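> Got a structure for you, coords28.cif, holding mmCIF, C-alpha atoms and all ligand atoms.
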```cif
data_work
loop_
_atom_site.label_atom_id
_atom_site.label_comp_id
_atom_site.auth_asym_id
_atom_site.auth_seq_id
_atom_site.Cartn_x
_atom_site.Cartn_y
_atom_site.Cartn_z
CA MET A 1 148.32 83.18 153.24
CA SER A 2 149.11 86.71 154.38
CA LEU A 3 150.39 89.39 152.05
CA LEU A 4 151.80 92.63 153.45
CA VAL A 5 152.08 95.72 151.25
CA VAL A 6 153.59 99.13 151.89
CA GLY A 7 153.13 101.94 149.39
CA THR A 8 151.15 105.10 148.72
CA VAL A 9 147.48 105.72 149.41
CA ALA A 10 146.85 108.83 147.37
CA LEU A 11 144.47 111.33 145.90
CA ASP A 12 145.09 111.43 142.15
CA SER A 13 144.12 114.02 139.56
CA VAL A 14 144.35 112.44 136.13
CA ARG A 15 143.59 113.58 132.60
CA THR A 16 143.43 111.22 129.63
CA PRO A 17 142.05 111.90 126.12
CA PHE A 18 138.79 110.31 127.36
CA GLY A 19 138.10 112.35 130.48
CA ASN A 20 139.52 113.53 133.77
CA VAL A 21 139.16 113.09 137.53
CA GLU A 22 140.20 115.32 140.46
CA ASN A 23 141.35 113.94 143.82
CA ALA A 24 140.19 110.42 143.02
CA LEU A 25 141.26 107.43 145.10
CA GLY A 26 144.70 106.26 143.92
CA GLY A 27 148.18 105.29 145.10
CA SER A 28 150.41 102.30 144.50
CA ALA A 29 149.30 100.43 147.64
CA THR A 30 145.62 101.12 146.97
CA TYR A 31 145.66 99.62 143.47
CA PHE A 32 147.88 96.77 144.64
CA SER A 33 145.73 95.78 147.63
CA THR A 34 142.42 96.04 145.82
CA SER A 35 143.72 93.79 143.05
CA ALA A 36 145.39 91.33 145.46
CA SER A 37 142.26 91.18 147.64
CA TYR A 38 140.67 88.87 145.04
CA PHE A 39 143.35 86.26 145.85
CA ALA A 40 144.78 86.67 149.37
CA ASP A 41 144.48 88.33 152.81
CA VAL A 42 146.06 91.73 152.43
CA ARG A 43 147.61 93.91 155.16
CA LEU A 44 148.17 97.50 154.11
CA VAL A 45 150.85 99.84 155.50
CA ALA A 46 150.64 103.48 154.41
CA VAL A 47 150.17 107.03 155.63
CA ILE A 48 147.29 109.41 154.92
CA GLY A 49 146.51 112.97 156.01
CA GLU A 50 143.52 114.20 157.99
CA ASP A 51 141.88 115.25 154.71
CA PHE A 52 141.54 111.68 153.41
CA PRO A 53 137.86 110.81 152.81
CA LYS A 54 136.59 108.13 155.22
CA GLU A 55 134.55 106.41 152.52
CA HIS A 56 137.79 105.29 150.82
CA ILE A 57 138.86 103.46 154.00
CA GLN A 58 135.40 101.91 154.16
CA PHE A 59 135.85 100.74 150.58
CA LEU A 60 139.21 99.08 151.37
CA LYS A 61 137.65 97.39 154.40
CA SER A 62 134.78 96.17 152.23
CA LYS A 63 137.41 94.31 150.16
CA ASN A 64 138.52 92.56 153.34
CA ILE A 65 141.80 94.51 153.36
CA ASP A 66 143.33 94.90 156.83
CA THR A 67 143.69 98.68 157.17
CA ARG A 68 145.08 98.83 160.72
CA GLY A 69 148.46 99.64 159.17
CA ILE A 70 147.20 102.93 157.65
CA GLU A 71 148.45 105.78 159.85
CA VAL A 72 146.64 109.10 159.90
CA GLN A 73 148.96 112.06 160.34
CA LYS A 74 148.53 115.81 160.62
CA GLY A 75 148.69 117.40 157.19
CA GLU A 76 147.58 116.54 153.68
CA THR A 77 147.50 113.18 151.93
CA PHE A 78 150.08 112.37 149.20
CA ARG A 79 148.82 113.77 145.88
CA TRP A 80 149.81 112.91 142.34
CA LYS A 81 148.74 114.74 139.19
CA GLY A 82 149.32 113.13 135.82
CA GLU A 83 148.33 113.23 132.20
CA TYR A 84 148.28 110.76 129.30
CA GLY A 85 148.21 111.51 125.58
CA TYR A 86 146.87 109.07 122.97
CA ASP A 87 149.90 106.89 123.73
CA LEU A 88 148.45 105.61 126.97
CA ASN A 89 151.68 103.76 127.76
CA GLU A 90 153.41 106.92 128.94
CA ALA A 91 152.31 108.85 132.03
CA HIS A 92 153.42 112.48 132.25
CA THR A 93 153.74 113.53 135.89
CA LEU A 94 152.53 117.12 136.31
CA ALA A 95 152.93 117.29 140.10
CA THR A 96 153.98 115.10 143.03
CA HIS A 97 153.09 116.45 146.48
CA LEU A 98 154.62 114.15 149.10
CA ASN A 99 152.84 115.92 151.99
CA VAL A 100 152.58 113.47 154.96
CA LEU A 101 154.75 110.95 153.08
CA ALA A 102 157.79 113.24 153.46
CA THR A 103 158.14 112.46 157.19
CA PHE A 104 156.54 109.01 157.36
CA LYS A 105 158.37 106.38 159.49
CA PRO A 106 156.31 103.19 159.36
CA ASN A 107 155.72 101.33 162.59
CA ILE A 108 154.51 97.85 161.66
CA VAL A 109 151.56 96.41 163.61
CA ASN A 110 152.86 93.43 165.64
CA ASP A 111 150.83 90.71 163.97
CA TYR A 112 151.83 91.98 160.49
CA LYS A 113 155.46 91.07 161.21
CA ASN A 114 155.09 87.40 160.37
CA SER A 115 153.51 87.99 156.93
CA ASP A 116 154.42 85.22 154.46
CA VAL A 117 154.80 87.47 151.44
CA VAL A 118 155.84 91.14 151.38
CA PHE A 119 155.38 93.64 148.56
CA LEU A 120 157.22 96.96 148.75
CA ALA A 121 155.05 98.94 146.33
CA ASN A 122 156.24 102.14 144.74
CA VAL A 123 157.15 104.56 147.55
CA ASP A 124 160.27 106.19 149.01
CA PRO A 125 162.93 103.39 149.15
CA ASP A 126 163.85 104.48 152.71
CA ILE A 127 160.28 103.62 153.75
CA GLN A 128 160.55 100.27 151.90
CA LEU A 129 163.78 99.54 153.78
CA GLU A 130 162.24 100.46 157.13
CA VAL A 131 159.41 97.95 156.56
CA LEU A 132 161.85 95.24 155.54
CA ARG A 133 163.81 95.83 158.77
CA GLN A 134 160.67 95.19 160.85
CA VAL A 135 159.28 91.99 159.28
CA LYS A 136 160.47 88.51 160.26
CA ARG A 137 161.70 86.19 157.51
CA PRO A 138 159.00 86.43 154.83
CA LYS A 139 159.15 83.63 152.23
CA LEU A 140 159.03 86.03 149.30
CA VAL A 141 159.89 89.73 149.15
CA ALA A 142 159.21 91.79 146.03
CA CYS A 143 159.42 95.48 145.26
CA ASP A 144 158.50 98.09 142.68
CA THR A 145 159.76 101.61 142.04
CA MET A 146 159.56 104.44 139.51
CA ASN A 147 161.63 107.14 137.77
CA TYR A 148 160.94 109.64 140.59
CA TRP A 149 162.85 107.46 143.13
CA ILE A 150 165.46 106.15 140.66
CA SER A 151 166.50 109.78 140.11
CA SER A 152 166.10 111.12 143.65
CA LYS A 153 167.24 108.16 145.84
CA PRO A 154 169.47 105.84 143.78
CA GLU A 155 171.59 104.69 146.75
CA ALA A 156 168.63 103.75 148.98
CA LEU A 157 167.07 101.94 146.01
CA LYS A 158 170.23 99.90 145.43
CA ARG A 159 170.24 98.91 149.13
CA ILE A 160 166.67 97.61 148.80
CA LEU A 161 167.44 95.71 145.61
CA LYS A 162 170.15 93.72 147.43
CA GLU A 163 167.49 92.35 149.78
CA VAL A 164 164.56 91.45 147.51
CA ASP A 165 163.77 88.27 145.58
CA LEU A 166 161.82 89.98 142.84
CA LEU A 167 161.45 93.39 141.18
CA THR A 168 158.52 94.62 139.08
CA ILE A 169 159.42 97.66 136.99
CA ASN A 170 158.33 99.24 133.74
CA GLU A 171 160.32 99.28 130.53
CA ALA A 172 161.54 102.90 130.56
CA GLU A 173 162.44 102.62 134.26
CA ILE A 174 164.56 99.48 133.97
CA ARG A 175 166.50 101.17 131.14
CA GLN A 176 167.04 104.19 133.41
CA LEU A 177 168.03 102.03 136.41
CA ALA A 178 170.46 99.83 134.49
CA GLY A 179 171.71 102.45 132.01
CA GLU A 180 171.16 99.89 129.23
CA ALA A 181 168.99 100.20 126.10
CA SER A 182 168.55 96.45 125.61
CA LEU A 183 165.92 95.01 127.92
CA VAL A 184 167.72 91.67 128.10
CA LYS A 185 170.99 93.34 129.14
CA ALA A 186 169.12 95.66 131.54
CA ALA A 187 167.36 92.71 133.20
CA LYS A 188 170.66 90.82 133.61
CA SER A 189 172.30 93.87 135.10
CA VAL A 190 169.41 94.36 137.58
CA GLN A 191 169.48 90.66 138.51
CA ALA A 192 173.15 91.18 139.38
CA MET A 193 172.05 93.96 141.80
CA GLY A 194 170.01 91.41 143.84
CA PRO A 195 166.62 90.17 142.66
CA LYS A 196 166.66 86.72 141.05
CA THR A 197 163.43 87.56 139.22
CA VAL A 198 162.72 90.74 137.26
CA VAL A 199 159.29 91.37 135.76
CA VAL A 200 159.30 94.13 133.14
CA LYS A 201 155.88 95.74 132.61
CA GLN A 202 155.40 96.91 129.03
CA GLY A 203 151.95 98.55 129.14
CA SER A 204 149.85 97.56 126.16
CA TYR A 205 152.67 95.28 124.94
CA GLY A 206 152.45 92.92 127.93
CA ALA A 207 155.06 91.73 130.39
CA LEU A 208 158.44 89.99 130.28
CA MET A 209 159.59 87.86 133.19
CA PHE A 210 163.29 87.09 133.66
CA ASN A 211 163.40 84.32 136.27
CA GLY A 212 166.95 83.09 136.83
CA HIS A 213 168.00 82.06 133.31
CA SER A 214 164.48 81.62 131.92
CA VAL A 215 162.40 84.21 130.07
CA PHE A 216 158.60 84.28 129.82
CA ASN A 217 156.84 86.68 127.48
CA ALA A 218 153.14 87.42 128.01
CA PRO A 219 151.10 89.68 125.75
CA ALA A 220 148.62 92.24 127.08
CA TYR A 221 144.90 91.59 126.59
CA PRO A 222 143.84 93.29 123.34
CA LEU A 223 141.29 95.76 124.74
CA GLU A 224 138.96 97.69 122.49
CA SER A 225 138.91 100.73 124.77
CA VAL A 226 141.26 101.90 127.50
CA PHE A 227 140.04 104.83 129.62
CA ASP A 228 142.66 105.34 132.30
CA PRO A 229 145.95 103.41 132.54
CA THR A 230 146.73 104.84 136.02
CA GLY A 231 147.57 102.06 138.43
CA ALA A 232 147.92 99.37 135.75
CA GLY A 233 151.39 98.43 137.03
CA ASP A 234 150.30 98.22 140.66
CA THR A 235 147.18 96.28 139.72
CA PHE A 236 149.37 93.88 137.73
CA ALA A 237 151.59 93.42 140.78
CA GLY A 238 148.49 92.84 142.97
CA GLY A 239 147.24 90.00 140.76
CA PHE A 240 150.75 88.58 140.40
CA MET A 241 151.68 88.63 144.10
CA GLY A 242 148.13 87.85 145.26
CA TYR A 243 148.14 84.65 143.23
CA LEU A 244 151.61 83.68 144.52
CA ALA A 245 150.56 84.36 148.13
CA SER A 246 147.44 82.21 147.63
CA THR A 247 149.47 79.20 146.45
CA MET A 248 152.86 79.81 148.15
CA ASN A 249 154.27 77.97 145.14
CA PHE A 250 157.17 79.89 143.58
CA THR A 251 158.10 77.43 140.83
CA GLU A 252 158.57 78.71 137.27
CA GLU A 253 155.18 77.22 136.28
CA SER A 254 153.39 79.00 139.12
CA MET A 255 155.20 82.30 138.43
CA ARG A 256 154.07 82.13 134.79
CA LYS A 257 150.46 81.70 135.93
CA ALA A 258 150.98 84.66 138.26
CA VAL A 259 152.12 86.83 135.31
CA ILE A 260 148.86 86.00 133.54
CA PHE A 261 146.75 86.76 136.64
CA GLY A 262 148.60 90.09 136.88
CA SER A 263 147.89 90.83 133.23
CA VAL A 264 144.21 89.91 133.68
CA MET A 265 143.80 92.30 136.63
CA ALA A 266 145.64 95.15 134.87
CA SER A 267 143.52 94.73 131.73
CA LEU A 268 140.33 94.97 133.81
CA ASN A 269 141.56 98.02 135.74
CA VAL A 270 142.28 100.21 132.70
CA GLU A 271 138.73 99.83 131.40
CA ALA A 272 137.51 102.57 133.79
CA PHE A 273 138.79 105.64 135.68
CA SER A 274 140.48 105.33 139.09
CA LEU A 275 139.69 101.96 140.70
CA ASP A 276 136.13 101.85 139.45
CA ARG A 277 136.43 98.60 137.50
CA LEU A 278 138.16 96.81 140.39
CA ARG A 279 135.53 97.75 142.93
CA SER A 280 133.10 94.94 142.34
CA LEU A 281 134.63 92.27 140.18
CA ASP A 282 133.38 88.74 140.20
CA TYR A 283 136.07 86.03 140.51
CA LYS A 284 134.35 84.31 137.54
CA GLU A 285 135.21 87.34 135.36
CA ILE A 286 138.87 86.99 136.38
CA VAL A 287 138.94 83.28 135.56
CA GLY A 288 137.10 83.93 132.26
CA ARG A 289 139.72 86.43 131.14
CA TYR A 290 142.54 84.12 132.31
CA ARG A 291 141.16 81.41 129.99
CA GLU A 292 140.87 83.91 127.12
CA PHE A 293 144.58 84.66 127.60
CA LYS A 294 145.31 80.97 127.36
CA SER A 295 143.39 80.43 124.14
CA MET A 296 144.72 83.69 122.64
CA THR A 297 148.34 82.64 123.09
CA HIS A 298 148.01 78.95 122.24
CA PHE A 299 149.71 77.62 119.11
CA GLU A 300 150.61 74.13 117.91
CA ASP A 301 154.10 72.69 117.62
CA ILE A 302 155.54 72.44 114.09
P1 LIG B 1 151.16 103.11 137.99
O1 LIG B 1 150.26 103.72 136.97
O2 LIG B 1 150.84 101.67 138.28
O3 LIG B 1 152.60 103.34 137.75
O4 LIG B 1 150.85 103.86 139.39
C1 LIG B 1 150.09 105.02 139.50
C2 LIG B 1 149.91 105.36 140.98
O5 LIG B 1 151.19 105.64 141.55
C3 LIG B 1 149.05 106.59 141.19
O6 LIG B 1 147.83 106.22 141.78
C4 LIG B 1 149.88 107.53 142.07
O7 LIG B 1 149.19 107.98 143.18
C5 LIG B 1 151.07 106.69 142.49
N1 LIG B 1 152.33 107.46 142.43
C6 LIG B 1 152.67 108.44 141.55
N2 LIG B 1 153.91 108.94 141.82
C7 LIG B 1 154.37 108.24 142.90
C8 LIG B 1 155.59 108.27 143.65
N3 LIG B 1 156.60 109.10 143.36
N4 LIG B 1 155.72 107.37 144.67
C9 LIG B 1 154.74 106.51 144.97
N5 LIG B 1 153.55 106.45 144.32
C10 LIG B 1 153.36 107.30 143.28
#
```
Go ahead and render the structure in this file as structure tokens.
Ligand code: AMP


Amino acid sequence: MSLLVVGTVALDSVRTPFGNVENALGGSATYFSTSASYFADVRLVAVIGEDFPKEHIQFLKSKNIDTRGIEVQKGETFRWKGEYGYDLNEAHTLATHLNVLATFKPNIVNDYKNSDVVFLANVDPDIQLEVLRQVKRPKLVACDTMNYWISSKPEALKRILKEVDLLTINEAEIRQLAGEASLVKAAKSVQAMGPKTVVVKQGSYGALMFNGHSVFNAPAYPLESVFDPTGAGDTFAGGFMGYLASTMNFTEESMRKAVIFGSVMASLNVEAFSLDRLRSLDYKEIVGRYREFKSMTHFEDI
């Protein structure tokens, strides 16, 4: 089934205690689509500048991602510069250069409009809203966001939340959005803003899904070495939504499996810089890690 994503396609400069990269391929939509491409047909809507290296588009095409929705505009590509300390759960943004994103008005390709599942990845909420206005009755709409937009565009973000079925968000950001310290209270308060399902990403502590009245708690895969956590959240969302788009089954049982597929993809992504680990995965590796998750979390009844 078809999965439409809108978000950023970026050039990232990232420093972690284990190394650094300059102007590497990044962006919320890039991580999301690459991860989701292992499960579903992905259509990508984004904007890039004339400086964006062609080989990155070739790479996305090689993953069978439909890139007709990537617009090239005069100017420079969106750039993000960030740093992580030994606590790899917390990204410190050093610079955000919106560049061509500042004036981007998406114009959705006609045959993208009937996509079954839509993911509004982290980007300006006005752009998310514009995409939502142009698609026709998708069966599932989910979105993500971050502190940058919660602070700068709270009203537009609240408008989007009213219209989505599901929100993925990290722990610090849901506290900021809801103004609540308790994650349970914060999730309830965000559910009251619109989305029936809220998935809280907790970095190396896993993910918590609040689906209606039920709660599912998944751990993160205990990795021996993490090199670069950039994109972990978007890669999680790619596995999660990609799996749901491949089954079109949105029952609690299926959503729980989706959380594990998301966790599997995120754990693979952070093992290398940029998208390097996601470039040439084998589906068998994904299934292998999914089964490890199952045996790792299994325990007997009393
Ligand atoms: P994550 O680590 O999953 O939260 O996402 C990291 C990615 O988000 C990077 O590749 C950045 O290019 C992208 N990013 C950073 N800041 C923003 C922003 N304000 N809006 C959209 N994408 C962003």

> Box along x, y and z, 8 Å on every side, all listed atoms of ligand LIG 1 (chain B) inside: centre and edge lengths in Å to one decimal, as AutoDock Vina command-line options.


```
--center_x 152.2 --center_y 105.4 --center_z 141.0 --size_x 24.8 --size_y 23.4 --size_z 24.0
```

> One decimal, Å: what's the distance from atom CA of A:Arg256 over to atom CA of A:Val135, could you say?

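These atoms are spaced 26.9 Å apart.
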
> With distances taken over all atoms listed in the file, which residue among A:Val264, A:Val198, A:Pro222, A:Arg137 lies nearest A:Lys185?

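Closest candidate: A:Val198.
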
> Kindly provide, as number ranges by chain, all nucleotide and amino acid residues lying within 8 Å of ligand LIG 1 (chain B), counting all atoms listed in the file.

A: 7-12, 25-28, 30-31, 78-81, 91, 93, 96, 98, 121-124, 145-149, 229-236, 274

> Please, what distance in Å, to one decimal, runs between atom CA of A:Phe261 and atom CA of A:Tyr243?

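The value is 7.1 Å.
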
> Please compute the atom CA of A:Lys113-atom CA of A:Ala29 distance, one decimal, in Å.

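Calculated distance between atom CA of A:Lys113 and atom CA of A:Ala29 is 17.6 Å.
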
> A:Val200: which residues within 10 Å, counting all atoms listed in the file, same-chain residues fewer than 2 positions away excluded, as a VMD selection string?

chain A and resid 167 to 174 183 187 197 to 198 202 to 203 206 to 210 217 233

> Kindly indicate which residue among A:Lys158, A:Ala237, A:Phe273, A:Ala218 lies nearest to A:Arg15, using all atoms listed in the file for the distances.

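Closest to A:Arg15 of all the choices is A:Phe273.
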
> Considering only C-alpha atoms, can you say which of A:Val199, A:Val42, A:Ala24, A:Asn211 comes closest to A:Glu55?

A:Ala24

> Which neighbours of A:Ser263 fall inside 8 Å, counting all atoms listed in the file, when residues of the same chain fewer than 3 positions from it are skipped, and could you give them as a VMD selection string?

chain A and resid 206 to 207 220 to 221 236 239 259 to 260 266 to 267

> Emit the selected residues as an mmCIF file, in the coordinates of the input, including C-alpha atoms.


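As a result, part30.cif now contains:
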```
data_model
loop_
_atom_site.group_PDB
_atom_site.id
_atom_site.type_symbol
_atom_site.label_atom_id
_atom_site.label_comp_id
_atom_site.auth_asym_id
_atom_site.auth_seq_id
_atom_site.Cartn_x
_atom_site.Cartn_y
_atom_site.Cartn_z
ATOM 1 C CA GLY A 206 152.450 92.920 127.930
ATOM 2 C CA ALA A 207 155.060 91.730 130.390
ATOM 3 C CA ALA A 220 148.620 92.240 127.080
ATOM 4 C CA TYR A 221 144.900 91.590 126.590
ATOM 5 C CA PHE A 236 149.370 93.880 137.730
ATOM 6 C CA GLY A 239 147.240 90.000 140.760
ATOM 7 C CA VAL A 259 152.120 86.830 135.310
ATOM 8 C CA ILE A 260 148.860 86.000 133.540
ATOM 9 C CA ALA A 266 145.640 95.150 134.870
ATOM 10 C CA SER A 267 143.520 94.730 131.730
#
```

> Given the choices A:Asn269, A:Thr34, A:Val14, A:Leu223, which gets closest to A:Phe293 if the distance is worked out from all atoms listed in the file?

A:Leu223

> Which one of A:Ala181, A:Ala272, A:Ile160, A:Val6 sits closest to A:Asp126 if you count only C-alpha atoms?

A:Ile160
